[in-house]
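A quick write-up on the structure given underneath.
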Amino acid sequence: MNDTAQIVERALALWGLEGSAWSLVAARENRVYRVDHPGGRHALRLHRPGYRSDAELRSELQWVEAVSQGGLSVPLPVPSISGDFLVTVDGCQIDLVHWLDGRQMGATGVPLALDNRTGLFRSIGQEMARLHRASDAWSPAADFTRPAWDRAGLLGAAPLWGRFWENASLSPADRDLLCQFRSRADQALKELQPDLDFGLIHADLVRENLLIDGDRIQLIDFDDGGFGYRLFDLATTLGKTLSEPDFDDLKAALVEGYRAVRPLDTTHLDLFMALRATTYVGWIISRLNEEGAEERSARFIRDATDRVQTWMAQDHAPGSRRTA
C-alpha cells in the first residue's frame with residue numbers, strides 16, 4: 001500500500017468508515033476519493049498542501065453548510081467521530097462531504113453536449129443568484145476567513161493566482177498589453193467598486209463544478225470561494241463558454257436567470273471577463289514545468305489578450321452605462 005492509500009485508510013477510520021470501498025475520482029488541485037459503504041456514499045477530499053489554512057478550510061465548510069440551509073444543493077460536510085469536520089493525517093488536511101449524484105455539465109475544452117442549452121444556463125444563473133442571496137443572508141462567525149477576489153486579489157502586487165504580467169511565456173507585446181490592462185483596470189475598479197455587488201462568491205463555477213441532477217443544478221468545489229465581485233462568478237462560467245456557437249444566447253440566458261432571482265448590474269461584465277481570463281495566465285506560472293503546461297499557457301494568453309483587447313477597445317469609463 002502506497003503512502004497516499006495509507007493516508008486514505010487512516011482518514012476513513014477517523015469517520016468510522018474502515019473497510020469501505022474507495023476510488024480516486026478527481027486529481028485536479030485537491031485529490032477527491034469516492035467512498036462507498038453500507039450507509040451511503042461520500043467524497044473524501046485530500047487538500048493540496050499549503051494552499052489553504054485550517055481556518056480557511058473550516059470556514060469553507062461552515063459556509064457550505066449555511067448555503068445548504070438556504071436551499072442550495074451542495075456537498076454537506078460530515079463530522080468525524082471526534083466531531084471535527086477537518087482532520088490532519090501526516091500533514092495532509094482532509095474532510096468528508098456527502099456525495100452528490102449529478103453529472104458534470106461538461107469538461108473544459110470540450111464542446112458542450114446538452115439538451116435545452118439556454119434553459120440550462122438560465123437555471124445556472126438562478127442557482128448562482130441563490131448562492132449569492134443565501135450568502136448575504138448568513139452571518140459568518142468572527143473568525144471566518146476566506147481569500148478575497150477584490151481589487152488587490154486580482155490586480156495588486158500579489159494577486160491570488162499569481163502575477164499574470166510576469167508569465168515567462170508572454171511575448172513582449174502581450175506583456176505590454178497586460179501591463180496596460182492592469183493599470184487601466186485597477187483605476188476602473190477603484191472608481192467602480194463602491195457601486196459593484198460584492199460578497200461571498202464561488203469563484204470557480206466552471207463546467208466541472210456544475211452538476212446536473214434532473215432539473216436541479218448542484219454546486220461543488222468551493223475551494224477557491226471567498227469574498228469577491230458577483231460579476232466574477234458570471235465571468236467564470238461564461239469564460240469557459242466563449243467557443244460555443246450560441247455563446248450570445250447562453251450569456252443572455254445566464255443573466256436572465258440570475259436577474260429572475262436577484263438584481264445585478266452587468267454593465268461591466270466585459271471587464272470581469274478580462275479580469276477572469278488574466279487570472280489563468282497567473283495560475284499557470286507555478287505549473288509551467290508540468291506536462292502540457294506550455295500549450296495551456298499559450299491558450300490562456302490568447303484568451304486573456306482577446307478579452308483584454310475587447311474591453312480596452314470599448315469606452316470603459318466608469319460612467320459608461322452599456323448593458324451586457
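Identifiers in the C-alpha cells: chain A, B, ... in order shown; residue index from 1 per chain; ligand index from 1 in order shown.
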**Message:** Taking 6 positions as the minimum chain separation for residues in the same chain, which residues sit within 10 Å of Ile212 in chain A when counting only C-alpha atoms? Answer as a PyMOL selection string.
**Reply:** chain A and resi 100-106+120+124+218-219
**Message:** Going by DSSP on the backbone, which residues of range 24-111 of chain A come out as strand (DSSP E or B)? List them as a PyMOL selection string.
**Reply:** chain A and resi 24-27+31-37+40-46+73+77+86-89+92-98+103-104
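Taking CA of Gly50 in chain A as the reference point, CA of Asn2 in chain A is found at 21.5 Å.
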**Message:** I'd like the neighbourhood of Asp270 in chain A as an MDAnalysis selection string, where a residue qualifies if any of its atoms comes within 8 Å (using only C-alpha atoms), though same-chain residues fewer than 2 positions away should be ignored.
**Reply:** chainID A and resid 267:268 272:274 307 310:311 324
Writer output for current selection, N, CA and C atoms, as a PDB file, in the first residue's frame:
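Below is the file part13.pdb, written as the result:
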```pdb
ATOM      1  N   THR A 267     -23.372  45.924 -16.482  1.00  0.00           N
ATOM      2  CA  THR A 267     -22.729  46.902 -17.366  1.00  0.00           C
ATOM      3  C   THR A 267     -21.255  46.583 -17.586  1.00  0.00           C
ATOM      4  N   HIS A 268     -20.582  46.165 -16.534  1.00  0.00           N
ATOM      5  CA  HIS A 268     -19.128  45.993 -16.600  1.00  0.00           C
ATOM      6  C   HIS A 268     -18.715  44.520 -16.651  1.00  0.00           C
ATOM      7  N   PHE A 272     -14.913  42.115 -16.197  1.00  0.00           N
ATOM      8  CA  PHE A 272     -14.683  40.932 -15.373  1.00  0.00           C
ATOM      9  C   PHE A 272     -14.362  39.704 -16.211  1.00  0.00           C
ATOM     10  N   MET A 273     -14.833  39.679 -17.445  1.00  0.00           N
ATOM     11  CA  MET A 273     -14.398  38.613 -18.350  1.00  0.00           C
ATOM     12  C   MET A 273     -12.894  38.720 -18.594  1.00  0.00           C
ATOM     13  N   ALA A 274     -12.410  39.943 -18.745  1.00  0.00           N
ATOM     14  CA  ALA A 274     -10.970  40.153 -18.947  1.00  0.00           C
ATOM     15  C   ALA A 274     -10.196  39.841 -17.671  1.00  0.00           C
ATOM     16  N   ARG A 307      -9.755  38.928 -24.532  1.00  0.00           N
ATOM     17  CA  ARG A 307     -10.724  39.583 -23.638  1.00  0.00           C
ATOM     18  C   ARG A 307     -10.257  40.968 -23.235  1.00  0.00           C
ATOM     19  N   THR A 310     -10.844  43.305 -26.128  1.00  0.00           N
ATOM     20  CA  THR A 310     -12.272  43.599 -26.239  1.00  0.00           C
ATOM     21  C   THR A 310     -12.670  44.697 -25.276  1.00  0.00           C
ATOM     22  N   TRP A 311     -12.219  44.575 -24.026  1.00  0.00           N
ATOM     23  CA  TRP A 311     -12.588  45.580 -23.029  1.00  0.00           C
ATOM     24  C   TRP A 311     -11.900  46.916 -23.301  1.00  0.00           C
ATOM     25  N   ALA A 324     -24.781  44.544 -20.553  1.00  0.00           N
ATOM     26  CA  ALA A 324     -24.402  43.243 -21.130  1.00  0.00           C
ATOM     27  C   ALA A 324     -25.628  42.372 -21.276  1.00  0.00           C
TER      28      ALA A 324
END
```
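Among A:Asp90, A:Gln126, A:Arg10, A:Leu61, the residue with the shortest atom-to-atom distance to Val74 in chain A, counting only C-alpha atoms, is A:Leu61.
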**Prompt:** Within 6 Å of range 32-48 of chain A, counting only C-alpha atoms, which residues qualify if same-chain residues fewer than 6 places away don't, as number ranges by chain?
**Reply:** A: 20-26, 93-99
**Prompt:** Between CA of Leu131 in chain A and CA of Arg58 in chain A, what is the distance, to one decimal in Å?
**Reply:** 18.6 Å
